[in-house]
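Step one of this worksheet: look at the structure below.
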Amino acid sequence: MPMLDTRVPAVLLRIDRNPFHHGTLGAVRSLGRAGVEVHVVADSAGSPVAGSRFVSAMHPPPPPGSSPAEIAAVLRRVAARVARPAVLVPMDDAGALAVGRIGGDLGDAFLLPGQPLALAERVADKAELAAVCASAGVPHPVTLVPESPAQAAAATRRLGLPLMAKWSRPWLLPAGSDLRSTVLVRSAREARDLCRRAAEAGSPLLLQAFVPPGPDRDWFVHGYVGRSGTTHGGGAGRKHRSWPRGAGLTAVGRWTPHPELEDLVERLTGALGYRGVFDLDFRRDGTGRYHLLDFNPRPGAQFRLFEDGGGLDVVRALHLDLTHRPLPDPAPLPGRAFVVENYAPLSALLPRPRPAGRELAWHAPDDRAPGRALWSLWARHVPLRLVQRAGRLLRAAGGVPAAGDPTRGAAAAVTEALEELAAPVPASAGPRADPTVVRPRGEARPGPRGSARVPAPARRDGLPADSSTAPGDSRAGGETADSR
C-alpha cells in the first residue's frame, strides 16, 4: 500500500441524498485503511456507511436546494472542526459541480486539483458532452435537443425507435418525481410527453440514438489526472451485469485492459486540460466504435475495482498527489472483479477469482458493520418488492400489461420480478442517525435516533438540488444511469 501522508485528513462530500451509495463506503475504506482520518459530509439517515469503523466523523450535508454560498459555508464549518487543511473528495456529480464553482472561495481549508474553471460542469452536462465529443473527435451517439413536443416527435423519426431520452442536468430533477435521468423511449408520444415536462425537470431534454447493449459492449475507464497531467490509479473495465439491466450502474465488473480505449481517454482528458478523478462510460456499437455515454468528474461507485497490486486506486492517487507524495508505478491486476452484493447476490456467492481477486462493495472482513446493516435492510426490502411484483404478474397473466409499458408480457414481467429482488433499498427503509457523529478511531458508534426528512425543490440555476435517490435509481446520473 502506498504511504499516504496521514497528517492530512480527507473530507468526502456527497450532496445527493443517497445513504446507500457504496462508492462512498469504498472511499472511506480506501483512505481509512491507509491511516487517513476520514470525515464524511453526507446524509447519515440509516446509512450503512455511517457504521464503518474507518469513519472518523459524519457531518450533515448542505440543506436541500442550497446556494453556492451556503454549500461553501457548510464546508467551512467542517474545515473548522477538522482544524487543518484536508483533501476534499466530491463523491457525486452534484458535489463535484458545486466544488467546481466554489473551490476558489474555500481558501486554504481544502486541497483540490487545479481543474479549469467550469470544466466539471461542462462534461457532466449531457448536452455539453455531445459538443465536447464532437470537438475532440470522440464517438458519441447522435443527439438532438428538441425545443417543442413537435420537434421531439420529429426527432423520433430521424433517429429511429427505440431511442434514449436524457435530461441534460439530471442532478436538477425534483425529489419525489417519477422523472428519470435516462429512459428508453419506444414511441413518438412518449417523446412528446417527456418534452412537455422540461420545465419540471429543470434542464433540456435530449433525444439520443440508441446504441443497444450486448455481451462485451459496456465498458468504463477510471483514472486520476495529476498535477503533471499524467493519469494514475485506474484502468479499463468491462461491465458484466448492470442494474437496471442494460442501462444502469455496474453490479458486476471486471478489470479488462483495453489499450485503445485507455489511449482515447487520455487524449480526451489531455485536450480538455482535465485534472482530478474521472469515471467514463462507453458502449461499443455493431461496427466496433466505442461511444462515450457519460463523463463523471468524480470517483465512480466501482472505483475500488482498480486497486492495483501496489494498493493504489484513484482516491489514494488523489491524496498522494495533492500532498506532494510520490505515486508508485502501476501494478495492474487484470481479471480483478467487483461485485455489488444487493444487485448481484448470486455473483457474490461465487468463488473468488484467482489470482487477481475480487472486492465486494459492502462486505469486508476488516469492516463488518456496513455489510450487516445493508443485509438487514435489503432482507426487509425484498418481501415488499415481491408483493409489488406479484400484483404486476397477476395483471400480466390476466392479459393486462404492467403499468407504464403496454408492450410488456408475462415472461418479461417474470424476468423483471426476479431481477428486482436486487432493486435498491429505499432511503426510508432504515432509522435516521444523528447527523453529526464524531468519535476517536476505534470507538463504538452511538445508536441512531429519529428525525424527519425534508424533500428538496429542484434548482434552476444549474446547481444541484437534493435528488433523494437510492442506489441504482437512474436519476443519480453516472454509468448511463449510475450514481456509480
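In the C-alpha cells, each chain is lettered A, B, ... as it comes, each chain's residues begin at 1, and ligands are numbered from 1 in order of appearance.
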For stretch 113-125 of chain A: contacts at 9 Å, only C-alpha atoms, fewer than 4 positions along chain excluded, given as an mmCIF file with N, CA and C atoms, in the first residue's frame:
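So the final result, stored in part_15.cif, reads:
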data_model
loop_
_atom_site.group_PDB
_atom_site.id
_atom_site.type_symbol
_atom_site.label_atom_id
_atom_site.label_comp_id
_atom_site.auth_asym_id
_atom_site.auth_seq_id
_atom_site.Cartn_x
_atom_site.Cartn_y
_atom_site.Cartn_z
ATOM 1 N N ASP A 93 -21.910 13.806 -8.771
ATOM 2 C CA ASP A 93 -21.830 14.907 -9.725
ATOM 3 C C ASP A 93 -22.221 16.227 -9.074
ATOM 4 N N ALA A 96 -19.310 17.448 -7.113
ATOM 5 C CA ALA A 96 -18.208 17.859 -7.986
ATOM 6 C C ALA A 96 -18.497 19.200 -8.647
ATOM 7 N N LEU A 97 -19.736 19.403 -9.070
ATOM 8 C CA LEU A 97 -20.085 20.655 -9.731
ATOM 9 C C LEU A 97 -20.080 21.817 -8.745
ATOM 10 N N ALA A 98 -20.577 21.571 -7.540
ATOM 11 C CA ALA A 98 -20.573 22.633 -6.535
ATOM 12 C C ALA A 98 -19.149 23.045 -6.187
ATOM 13 N N GLY A 100 -16.579 22.708 -8.052
ATOM 14 C CA GLY A 100 -16.023 23.396 -9.198
ATOM 15 C C GLY A 100 -16.355 24.874 -9.215
ATOM 16 N N ARG A 101 -17.501 25.230 -8.655
ATOM 17 C CA ARG A 101 -17.909 26.636 -8.610
ATOM 18 C C ARG A 101 -17.333 27.391 -7.421
ATOM 19 N N LEU A 129 -21.711 17.545 -23.223
ATOM 20 C CA LEU A 129 -20.825 16.422 -23.523
ATOM 21 C C LEU A 129 -20.866 16.065 -25.006
ATOM 22 N N ALA A 130 -22.039 16.158 -25.604
ATOM 23 C CA ALA A 130 -22.132 15.868 -27.037
ATOM 24 C C ALA A 130 -21.249 16.819 -27.838
ATOM 25 N N VAL A 132 -18.584 18.436 -26.627
ATOM 26 C CA VAL A 132 -17.199 18.116 -26.288
ATOM 27 C C VAL A 132 -16.690 16.969 -27.146
ATOM 28 N N TRP A 167 -32.162 13.770 -19.530
ATOM 29 C CA TRP A 167 -32.205 15.162 -19.100
ATOM 30 C C TRP A 167 -30.778 15.674 -19.043
ATOM 31 N N SER A 168 -30.584 16.858 -19.574
ATOM 32 C CA SER A 168 -29.237 17.405 -19.697
ATOM 33 C C SER A 168 -28.527 17.488 -18.352
ATOM 34 N N ARG A 169 -29.231 17.917 -17.309
ATOM 35 C CA ARG A 169 -28.642 18.061 -15.978
ATOM 36 C C ARG A 169 -29.459 17.253 -14.970
ATOM 37 N N PRO A 170 -29.202 15.955 -14.887
ATOM 38 C CA PRO A 170 -30.060 15.087 -14.066
ATOM 39 C C PRO A 170 -30.053 15.434 -12.590
ATOM 40 N N VAL A 225 -6.067 12.227 -13.077
ATOM 41 C CA VAL A 225 -5.093 13.044 -13.789
ATOM 42 C C VAL A 225 -4.459 13.990 -12.782
ATOM 43 N N GLY A 226 -3.153 13.829 -12.570
ATOM 44 C CA GLY A 226 -2.462 14.595 -11.542
ATOM 45 C C GLY A 226 -1.985 15.957 -12.001
ATOM 46 N N ARG A 227 -1.253 16.609 -11.122
ATOM 47 C CA ARG A 227 -0.781 17.967 -11.394
ATOM 48 C C ARG A 227 0.092 18.033 -12.639
ATOM 49 N N LEU A 272 -8.797 18.468 -22.977
ATOM 50 C CA LEU A 272 -9.610 19.317 -22.112
ATOM 51 C C LEU A 272 -8.791 20.005 -21.024
ATOM 52 N N GLY A 273 -7.580 19.530 -20.776
ATOM 53 C CA GLY A 273 -6.819 20.036 -19.635
ATOM 54 C C GLY A 273 -7.397 19.569 -18.320
ATOM 55 N N TYR A 274 -8.041 18.402 -18.333
ATOM 56 C CA TYR A 274 -8.744 17.907 -17.152
ATOM 57 C C TYR A 274 -7.754 17.543 -16.053
ATOM 58 N N ARG A 275 -8.118 17.839 -14.797
ATOM 59 C CA ARG A 275 -7.345 17.452 -13.620
ATOM 60 C C ARG A 275 -8.298 16.892 -12.570
ATOM 61 N N GLY A 276 -7.925 15.774 -11.979
ATOM 62 C CA GLY A 276 -8.757 15.172 -10.949
ATOM 63 C C GLY A 276 -9.169 13.761 -11.324
ATOM 64 N N VAL A 277 -10.096 13.219 -10.532
ATOM 65 C CA VAL A 277 -10.601 11.863 -10.737
ATOM 66 C C VAL A 277 -11.697 11.890 -11.801
ATOM 67 N N ASP A 294 -21.123 8.810 -20.864
ATOM 68 C CA ASP A 294 -21.119 9.667 -19.670
ATOM 69 C C ASP A 294 -19.697 9.987 -19.277
ATOM 70 N N PHE A 295 -19.508 11.220 -18.829
ATOM 71 C CA PHE A 295 -18.228 11.672 -18.276
ATOM 72 C C PHE A 295 -18.528 12.178 -16.874
ATOM 73 N N ASN A 296 -18.140 11.402 -15.876
ATOM 74 C CA ASN A 296 -18.415 11.738 -14.487
ATOM 75 C C ASN A 296 -17.156 12.318 -13.852
ATOM 76 N N PRO A 297 -17.179 13.588 -13.435
ATOM 77 C CA PRO A 297 -15.970 14.240 -12.923
ATOM 78 C C PRO A 297 -15.725 13.968 -11.443
ATOM 79 N N ARG A 298 -15.705 12.695 -11.078
ATOM 80 C CA ARG A 298 -15.516 12.280 -9.675
ATOM 81 C C ARG A 298 -15.325 10.764 -9.663
ATOM 82 N N LEU A 318 -5.214 10.560 -5.725
ATOM 83 C CA LEU A 318 -5.575 11.953 -5.475
ATOM 84 C C LEU A 318 -4.905 12.471 -4.203
ATOM 85 N N ASP A 321 -1.059 12.779 -4.618
ATOM 86 C CA ASP A 321 -0.639 13.868 -5.495
ATOM 87 C C ASP A 321 -0.833 15.227 -4.839
ATOM 88 N N LEU A 322 -1.978 15.430 -4.180
ATOM 89 C CA LEU A 322 -2.261 16.727 -3.580
ATOM 90 C C LEU A 322 -1.418 17.000 -2.338
ATOM 91 N N GLY A 462 -28.626 25.799 -12.293
ATOM 92 C CA GLY A 462 -27.542 24.922 -12.672
ATOM 93 C C GLY A 462 -26.834 24.264 -11.508
ATOM 94 N N GLY A 477 -27.546 9.776 -12.095
ATOM 95 C CA GLY A 477 -26.591 10.213 -13.086
ATOM 96 C C GLY A 477 -25.464 9.314 -13.406
#
Leaving out stretch 362-369 of chain A and any residue of its chain fewer than 4 positions from it, which residues lie within 7 Å of it when counting only C-alpha atoms, given as a ChimeraX atom specification?
-> /A:22,51-53,373
Just write the chosen residues, C-alpha atoms, as a compact mmCIF listing (two decimals), in the first residue's frame.
# COMPACT_ATOMS: atom_id res chain seq x y z
CA HIS A 22 -21.38 2.03 -1.99
CA GLY A 51 -21.27 2.39 10.67
CA SER A 52 -17.84 1.93 9.10
CA ARG A 53 -15.04 1.79 11.64
CA ALA A 373 -26.59 -3.18 8.10
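Interatomic distance, atom CA of A:Thr287 against atom CA of A:Pro213: 13.2 Å.
From atom CA of A:Glu200 back to atom CA of A:Val99, the distance works out to 25.1 Å.
Neighbouring residues of A:His291 at 6 Å or closer, counting only C-alpha atoms and skipping chain neighbours under 2 positions away, are Pro139, His140, Phe282 and Arg283 of chain A.
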With only C-alpha atoms as the basis for distance, which of A:Leu194, A:Leu31, A:Val40, A:Met3 is at the shortest distance from A:Pro19?
->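 Nearest candidate to A:Pro19 out of A:Leu194, A:Leu31, A:Val40, A:Met3: A:Val40.
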From the set A:Leu179, A:His39, A:Glu260, A:Pro355, which residue has the shortest atom-to-atom contact distance to A:Gly288, counting only C-alpha atoms?
->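 Smallest separation from A:Gly288 among the options: A:Glu260.
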Could you tell me which of A:Leu111, A:Arg304, A:Leu4, A:Val252 comes closest to A:Leu350 if we count only C-alpha atoms?
->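 Ranked by minimum distance to A:Leu350, first place goes to A:Val252.
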Within 12 Å of A:Leu292, counting only C-alpha atoms, which residues show up once you throw out same-chain ones fewer than 4 positions away? Write them as a ChimeraX atom specification, please.
-> /A:123,126,129-134,136-142,211,217-221,261,264-265,268,279-285,296,478-480
